[in-house]
>>> print(open('upload.cif').read())   # mmCIF, C-alpha atoms
data_entry
loop_
_atom_site.group_PDB
_atom_site.id
_atom_site.type_symbol
_atom_site.label_atom_id
_atom_site.label_comp_id
_atom_site.auth_asym_id
_atom_site.auth_seq_id
_atom_site.Cartn_x
_atom_site.Cartn_y
_atom_site.Cartn_z
ATOM 1 C CA MET A 49 -9.698 -18.234 -13.734
ATOM 2 C CA ILE A 50 -7.564 -17.852 -10.618
ATOM 3 C CA ALA A 51 -8.509 -14.890 -8.435
ATOM 4 C CA LYS A 52 -5.911 -12.160 -8.105
ATOM 5 C CA ARG A 53 -4.899 -11.079 -4.608
ATOM 6 C CA ILE A 54 -3.936 -7.728 -3.132
ATOM 7 C CA VAL A 55 -2.596 -7.059 0.330
ATOM 8 C CA VAL A 56 -3.025 -3.601 1.853
ATOM 9 C CA ILE A 57 -0.368 -2.986 4.496
ATOM 10 C CA TYR A 58 -0.651 0.171 6.574
ATOM 11 C CA HIS A 59 0.198 1.811 9.871
ATOM 12 C CA SER A 60 -2.109 4.169 11.721
ATOM 13 C CA GLN A 61 -2.068 5.713 15.173
ATOM 14 C CA SER A 62 -4.672 8.447 14.887
ATOM 15 C CA GLY A 63 -7.144 6.483 12.761
ATOM 16 C CA THR A 64 -6.773 8.640 9.651
ATOM 17 C CA THR A 65 -4.588 6.196 7.755
ATOM 18 C CA GLN A 66 -6.859 3.349 8.902
ATOM 19 C CA ALA A 67 -9.860 5.136 7.358
ATOM 20 C CA LEU A 68 -7.917 5.637 4.127
ATOM 21 C CA ALA A 69 -6.890 1.955 4.105
ATOM 22 C CA ASP A 70 -10.547 1.000 4.554
ATOM 23 C CA ALA A 71 -11.379 3.166 1.526
ATOM 24 C CA VAL A 72 -8.668 1.432 -0.514
ATOM 25 C CA THR A 73 -10.179 -1.967 0.271
ATOM 26 C CA ALA A 74 -13.661 -0.656 -0.598
ATOM 27 C CA GLY A 75 -12.272 0.190 -4.028
ATOM 28 C CA ILE A 76 -10.640 -3.221 -4.397
ATOM 29 C CA ALA A 77 -13.944 -4.873 -3.474
ATOM 30 C CA LEU A 78 -15.571 -3.266 -6.527
ATOM 31 C CA GLU A 79 -13.469 -5.410 -8.854
ATOM 32 C CA PRO A 80 -14.799 -8.955 -9.349
ATOM 33 C CA GLY A 81 -12.233 -11.730 -9.146
ATOM 34 C CA VAL A 82 -9.880 -9.862 -6.833
ATOM 35 C CA SER A 83 -9.549 -10.789 -3.175
ATOM 36 C CA TRP A 84 -7.717 -8.782 -0.562
ATOM 37 C CA ARG A 85 -6.260 -8.688 2.918
ATOM 38 C CA LEU A 86 -6.101 -5.554 5.046
ATOM 39 C CA LEU A 87 -3.251 -5.784 7.545
ATOM 40 C CA ARG A 88 -1.652 -3.489 10.055
ATOM 41 C CA ALA A 89 2.060 -3.297 9.314
ATOM 42 C CA MET A 90 2.942 -4.867 12.663
ATOM 43 C CA GLU A 91 0.782 -7.913 11.786
ATOM 44 C CA ALA A 92 2.027 -8.379 8.215
ATOM 45 C CA GLY A 93 5.005 -10.459 7.206
ATOM 46 C CA ILE A 94 6.800 -12.288 4.442
ATOM 47 C CA ASP A 95 3.966 -14.831 4.077
ATOM 48 C CA ASP A 96 1.625 -11.996 3.095
ATOM 49 C CA LEU A 97 4.062 -10.867 0.404
ATOM 50 C CA MET A 98 4.217 -14.451 -0.866
ATOM 51 C CA TRP A 99 0.387 -14.680 -0.909
ATOM 52 C CA CYS A 100 -0.363 -11.543 -2.908
ATOM 53 C CA ASP A 101 -0.103 -10.526 -6.527
ATOM 54 C CA ALA A 102 0.044 -6.781 -5.694
ATOM 55 C CA ILE A 103 0.519 -4.565 -2.648
ATOM 56 C CA ILE A 104 -0.789 -1.197 -1.544
ATOM 57 C CA PHE A 105 1.094 0.497 1.291
ATOM 58 C CA GLY A 106 -0.326 3.194 3.554
ATOM 59 C CA SER A 107 1.475 5.353 6.077
ATOM 60 C CA PRO A 108 1.134 8.596 7.931
ATOM 61 C CA GLU A 109 3.930 11.059 7.383
ATOM 62 C CA ASN A 110 5.923 11.122 10.621
ATOM 63 C CA LEU A 111 8.659 13.755 10.850
ATOM 64 C CA GLY A 112 8.842 13.788 7.058
ATOM 65 C CA TYR A 113 9.166 9.999 6.681
ATOM 66 C CA ILE A 114 7.060 6.842 6.761
ATOM 67 C CA SER A 115 5.838 5.646 10.131
ATOM 68 C CA GLY A 116 7.996 3.488 12.370
ATOM 69 C CA GLY A 117 5.386 0.730 12.169
ATOM 70 C CA LEU A 118 5.666 0.464 8.387
ATOM 71 C CA LYS A 119 9.448 0.801 8.563
ATOM 72 C CA ASP A 120 9.420 -2.145 10.995
ATOM 73 C CA PHE A 121 7.529 -4.213 8.400
ATOM 74 C CA PHE A 122 10.209 -3.447 5.825
ATOM 75 C CA ASP A 123 12.980 -4.215 8.332
ATOM 76 C CA ARG A 124 11.438 -7.621 9.091
ATOM 77 C CA THR A 125 10.752 -8.648 5.490
ATOM 78 C CA TYR A 126 13.563 -7.168 3.404
ATOM 79 C CA TYR A 127 16.187 -9.886 3.783
ATOM 80 C CA PRO A 128 13.741 -12.824 3.668
ATOM 81 C CA ALA A 129 12.293 -11.299 0.471
ATOM 82 C CA GLN A 130 15.632 -11.096 -1.342
ATOM 83 C CA ARG A 131 15.642 -14.691 -2.527
ATOM 84 C CA HIS A 132 12.224 -14.197 -4.158
ATOM 85 C CA GLN A 133 12.870 -11.062 -6.257
ATOM 86 C CA PHE A 134 9.148 -10.317 -6.136
ATOM 87 C CA ASN A 135 8.852 -7.627 -8.827
ATOM 88 C CA LYS A 136 5.221 -7.219 -7.764
ATOM 89 C CA PRO A 137 3.143 -4.136 -8.579
ATOM 90 C CA TYR A 138 2.439 -1.724 -5.760
ATOM 91 C CA GLY A 139 0.727 1.528 -4.950
ATOM 92 C CA LEU A 140 0.998 3.786 -1.946
ATOM 93 C CA PHE A 141 -0.880 6.430 -0.038
ATOM 94 C CA ILE A 142 0.474 8.856 2.538
ATOM 95 C CA SER A 143 -1.552 10.785 5.091
ATOM 96 C CA ALA A 144 0.564 13.912 5.350
ATOM 97 C CA GLY A 145 0.771 16.854 7.681
ATOM 98 C CA ASN A 146 3.445 18.497 5.539
ATOM 99 C CA ASP A 147 4.071 17.874 1.855
ATOM 100 C CA GLY A 148 4.469 14.084 2.133
ATOM 101 C CA SER A 149 7.351 13.993 -0.334
ATOM 102 C CA GLY A 150 9.870 12.630 2.181
ATOM 103 C CA ALA A 151 7.600 9.741 3.169
ATOM 104 C CA ALA A 152 6.659 8.932 -0.428
ATOM 105 C CA GLY A 153 10.286 9.089 -1.536
ATOM 106 C CA GLN A 154 11.476 6.911 1.333
ATOM 107 C CA LEU A 155 8.866 4.250 0.603
ATOM 108 C CA GLN A 156 9.721 4.250 -3.113
ATOM 109 C CA ARG A 157 13.441 3.848 -2.363
ATOM 110 C CA ILE A 158 12.746 0.907 -0.050
ATOM 111 C CA ALA A 159 10.392 -0.721 -2.582
ATOM 112 C CA LYS A 160 13.079 -0.693 -5.293
ATOM 113 C CA GLY A 161 15.155 -3.029 -3.152
ATOM 114 C CA TYR A 162 12.587 -5.850 -3.042
ATOM 115 C CA PRO A 163 11.960 -5.125 -5.987
ATOM 116 C CA PHE A 164 8.386 -3.897 -6.319
ATOM 117 C CA LYS A 165 7.215 -1.830 -9.283
ATOM 118 C CA LEU A 166 5.171 1.322 -8.771
ATOM 119 C CA VAL A 167 1.991 1.188 -10.883
ATOM 120 C CA ALA A 168 0.189 4.351 -9.754
ATOM 121 C CA GLU A 169 1.321 7.847 -8.891
ATOM 122 C CA PRO A 170 1.927 8.051 -5.110
ATOM 123 C CA LEU A 171 -1.183 9.383 -3.441
ATOM 124 C CA VAL A 172 -0.276 12.078 -0.904
ATOM 125 C CA LEU A 173 -3.262 13.340 1.055
ATOM 126 C CA ARG A 174 -2.561 16.487 3.049
ATOM 127 C CA GLY A 175 -4.364 17.764 6.099
ATOM 128 C CA GLU A 176 -7.554 16.567 7.716
ATOM 129 C CA LEU A 177 -9.463 13.555 6.448
ATOM 130 C CA ALA A 178 -11.825 14.805 3.751
ATOM 131 C CA PRO A 179 -14.402 13.031 1.575
ATOM 132 C CA SER A 180 -12.214 13.738 -1.465
ATOM 133 C CA ALA A 181 -9.277 11.925 0.167
ATOM 134 C CA VAL A 182 -11.470 8.916 0.915
ATOM 135 C CA GLN A 183 -12.635 8.877 -2.709
ATOM 136 C CA GLN A 184 -9.067 9.105 -4.003
ATOM 137 C CA CYS A 185 -8.118 6.085 -1.908
ATOM 138 C CA ARG A 186 -11.150 4.169 -3.127
ATOM 139 C CA ASP A 187 -10.105 5.030 -6.699
ATOM 140 C CA LEU A 188 -6.534 3.854 -6.006
ATOM 141 C CA GLY A 189 -7.765 0.503 -4.718
ATOM 142 C CA GLN A 190 -10.095 0.027 -7.659
ATOM 143 C CA ALA A 191 -7.446 1.038 -10.208
ATOM 144 C CA VAL A 192 -4.831 -1.374 -8.856
ATOM 145 C CA ALA A 193 -7.429 -4.170 -8.666
ATOM 146 C CA ALA A 194 -8.682 -3.508 -12.205
ATOM 147 C CA GLY A 195 -5.158 -3.390 -13.621
ATOM 148 C CA LEU A 196 -4.305 -6.626 -11.869
ATOM 149 C CA ALA A 197 -7.520 -8.350 -12.995
ATOM 150 C CA LEU A 198 -6.980 -7.247 -16.605
ATOM 151 C CA GLY A 199 -3.370 -8.413 -16.623
ATOM 152 C CA ILE A 200 -2.023 -4.911 -17.215
ATOM 153 C CA PHE A 201 0.459 -5.491 -14.407
#
>>> encode(input="upload.cif", output="structure tokens")
Amino acid sequence: MIAKRIVVIYHSQSGTTQALADAVTAGIALEPGVSWRLLRAMEAGIDDLMWCDAIIFGSPENLGYISGGLKDFFDRTYYPAQRHQFNKPYGLFISAGNDGSGAAGQLQRIAKGYPFKLVAEPLVLRGELAPSAVQQCRDLGQAVAAGLALGIF
């Protein structure tokens, strides 16, 4: 059986989104037969999209939108990705100071263009980093990994 692969691509300046991304990978690690890469958005590229079977994006909410670092990733990979028509499953988490809806909506609109298919409700975590937020991210990682491993998506 060939191992399934997930890439977690995130941007963080304050460390909150980094901690949430770490929790996502802890959840992925619970699923046997699934490997993963954790990459800052500025370090990720088209080769990482080619490598993976699923993606989980993470971003802080900046001025109601995704971070510039994650937007840069999309700017660099969008046109090279067009010839591949990935149609890969993805999930997302937003570390929000407001309601997070602008950032989640922006990311979903961008993802449609690749295309990627959303396989979990966007996870919007408001306010300070709390143990419940960490657990939700761990659950997201495990759910995407389990679904991938089982062939659900």
>>> resolve_selection(input="upload.cif", expression="the PyMOL selection byres ((chain A and resi 86) around 8)", output="list in words")
Val55, Val56, Ile57, Ala69, Asp70, Thr73, Trp84, Arg85, Leu87 and Arg88 of chain A
>>> residues_around(input="upload.cif", residues="Gln184 in chain A", least_positions_apart="5", cutoff="12 Å", atoms="all atoms listed in the file", output="mmCIF file with C-alpha atoms, keeping the file's coordinate frame")
data_model
loop_
_atom_site.group_PDB
_atom_site.id
_atom_site.type_symbol
_atom_site.label_atom_id
_atom_site.label_comp_id
_atom_site.auth_asym_id
_atom_site.auth_seq_id
_atom_site.Cartn_x
_atom_site.Cartn_y
_atom_site.Cartn_z
ATOM 1 C CA LEU A 68 -7.917 5.637 4.127
ATOM 2 C CA ALA A 69 -6.890 1.955 4.105
ATOM 3 C CA ASP A 70 -10.547 1.000 4.554
ATOM 4 C CA ALA A 71 -11.379 3.166 1.526
ATOM 5 C CA VAL A 72 -8.668 1.432 -0.514
ATOM 6 C CA THR A 73 -10.179 -1.967 0.271
ATOM 7 C CA ALA A 74 -13.661 -0.656 -0.598
ATOM 8 C CA GLY A 75 -12.272 0.190 -4.028
ATOM 9 C CA LEU A 140 0.998 3.786 -1.946
ATOM 10 C CA PHE A 141 -0.880 6.430 -0.038
ATOM 11 C CA ILE A 142 0.474 8.856 2.538
ATOM 12 C CA SER A 143 -1.552 10.785 5.091
ATOM 13 C CA ALA A 168 0.189 4.351 -9.754
ATOM 14 C CA GLU A 169 1.321 7.847 -8.891
ATOM 15 C CA PRO A 170 1.927 8.051 -5.110
ATOM 16 C CA LEU A 171 -1.183 9.383 -3.441
ATOM 17 C CA VAL A 172 -0.276 12.078 -0.904
ATOM 18 C CA LEU A 173 -3.262 13.340 1.055
ATOM 19 C CA LEU A 177 -9.463 13.555 6.448
ATOM 20 C CA ALA A 178 -11.825 14.805 3.751
ATOM 21 C CA PRO A 179 -14.402 13.031 1.575
ATOM 22 C CA GLY A 189 -7.765 0.503 -4.718
ATOM 23 C CA GLN A 190 -10.095 0.027 -7.659
ATOM 24 C CA ALA A 191 -7.446 1.038 -10.208
#
>>> closest_residue(input="upload.cif", among="A:Tyr126, A:Thr64, A:Ala92, A:Tyr162", to="Gly145 in chain A", atoms="all atoms listed in the file")
A:Thr64
>>> resolve_selection(input="upload.cif", expression="the PyMOL selection byres ((chain A and resi 156-161) around 9)", output="ChimeraX atom specification")
/A:122,126,130,133,135,138,140,151-155,162-166,170
>>> write_last_selection(input="upload.cif", atoms="C-alpha atoms", output="mmCIF file, in the coordinates of the input")
data_model
loop_
_atom_site.group_PDB
_atom_site.id
_atom_site.type_symbol
_atom_site.label_atom_id
_atom_site.label_comp_id
_atom_site.auth_asym_id
_atom_site.auth_seq_id
_atom_site.Cartn_x
_atom_site.Cartn_y
_atom_site.Cartn_z
ATOM 1 C CA PHE A 122 10.209 -3.447 5.825
ATOM 2 C CA TYR A 126 13.563 -7.168 3.404
ATOM 3 C CA GLN A 130 15.632 -11.096 -1.342
ATOM 4 C CA GLN A 133 12.870 -11.062 -6.257
ATOM 5 C CA ASN A 135 8.852 -7.627 -8.827
ATOM 6 C CA TYR A 138 2.439 -1.724 -5.760
ATOM 7 C CA LEU A 140 0.998 3.786 -1.946
ATOM 8 C CA ALA A 151 7.600 9.741 3.169
ATOM 9 C CA ALA A 152 6.659 8.932 -0.428
ATOM 10 C CA GLY A 153 10.286 9.089 -1.536
ATOM 11 C CA GLN A 154 11.476 6.911 1.333
ATOM 12 C CA LEU A 155 8.866 4.250 0.603
ATOM 13 C CA TYR A 162 12.587 -5.850 -3.042
ATOM 14 C CA PRO A 163 11.960 -5.125 -5.987
ATOM 15 C CA PHE A 164 8.386 -3.897 -6.319
ATOM 16 C CA LYS A 165 7.215 -1.830 -9.283
ATOM 17 C CA LEU A 166 5.171 1.322 -8.771
ATOM 18 C CA PRO A 170 1.927 8.051 -5.110
#
>>> atom_distance(input="upload.cif", atom1="CA of Gln183 in chain A", atom2="CA of Ile76 in chain A")
12.4 Å
>>> closest_residue(input="upload.cif", among="A:Asn146, A:Lys136, A:Arg131, A:Val82", to="Glu176 in chain A", atoms="only C-alpha atoms")
A:Asn146
>>> atom_distance(input="upload.cif", atom1="CA of Ser107 in chain A", atom2="CA of His59 in chain A")
5.3 Å
>>> resolve_selection(input="upload.cif", expression="the PyMOL selection byres ((chain A and resi 198) around 12)", output="list in words")
Met49, Ala51, Lys52, Glu79, Pro80, Gly81, Val82, Gln190, Ala191, Val192, Ala193, Ala194, Gly195, Leu196, Ala197, Gly199, Ile200 and Phe201 of chain A
>>> atom_distance(input="upload.cif", atom1="CA of Glu91 in chain A", atom2="CA of Asp187 in chain A")
25.1 Å
>>> axis_aligned_box(input="upload.cif", around="range 173-182 of chain A", padding_each_side="5 Å", output="AutoDock Vina command-line options")
--center_x -8.5 --center_y 13.3 --center_z 3.1 --size_x 21.8 --size_y 18.8 --size_z 19.2
>>> closest_residue(input="upload.cif", among="A:Val167, A:Leu78, A:Leu111, A:Leu118", to="Gly148 in chain A", atoms="all atoms listed in the file")
A:Leu111
>>> closest_residue(input="upload.cif", among="A:Ser60, A:Ile54, A:Ala67, A:Pro108", to="Val182 in chain A", atoms="all atoms listed in the file")
A:Ala67
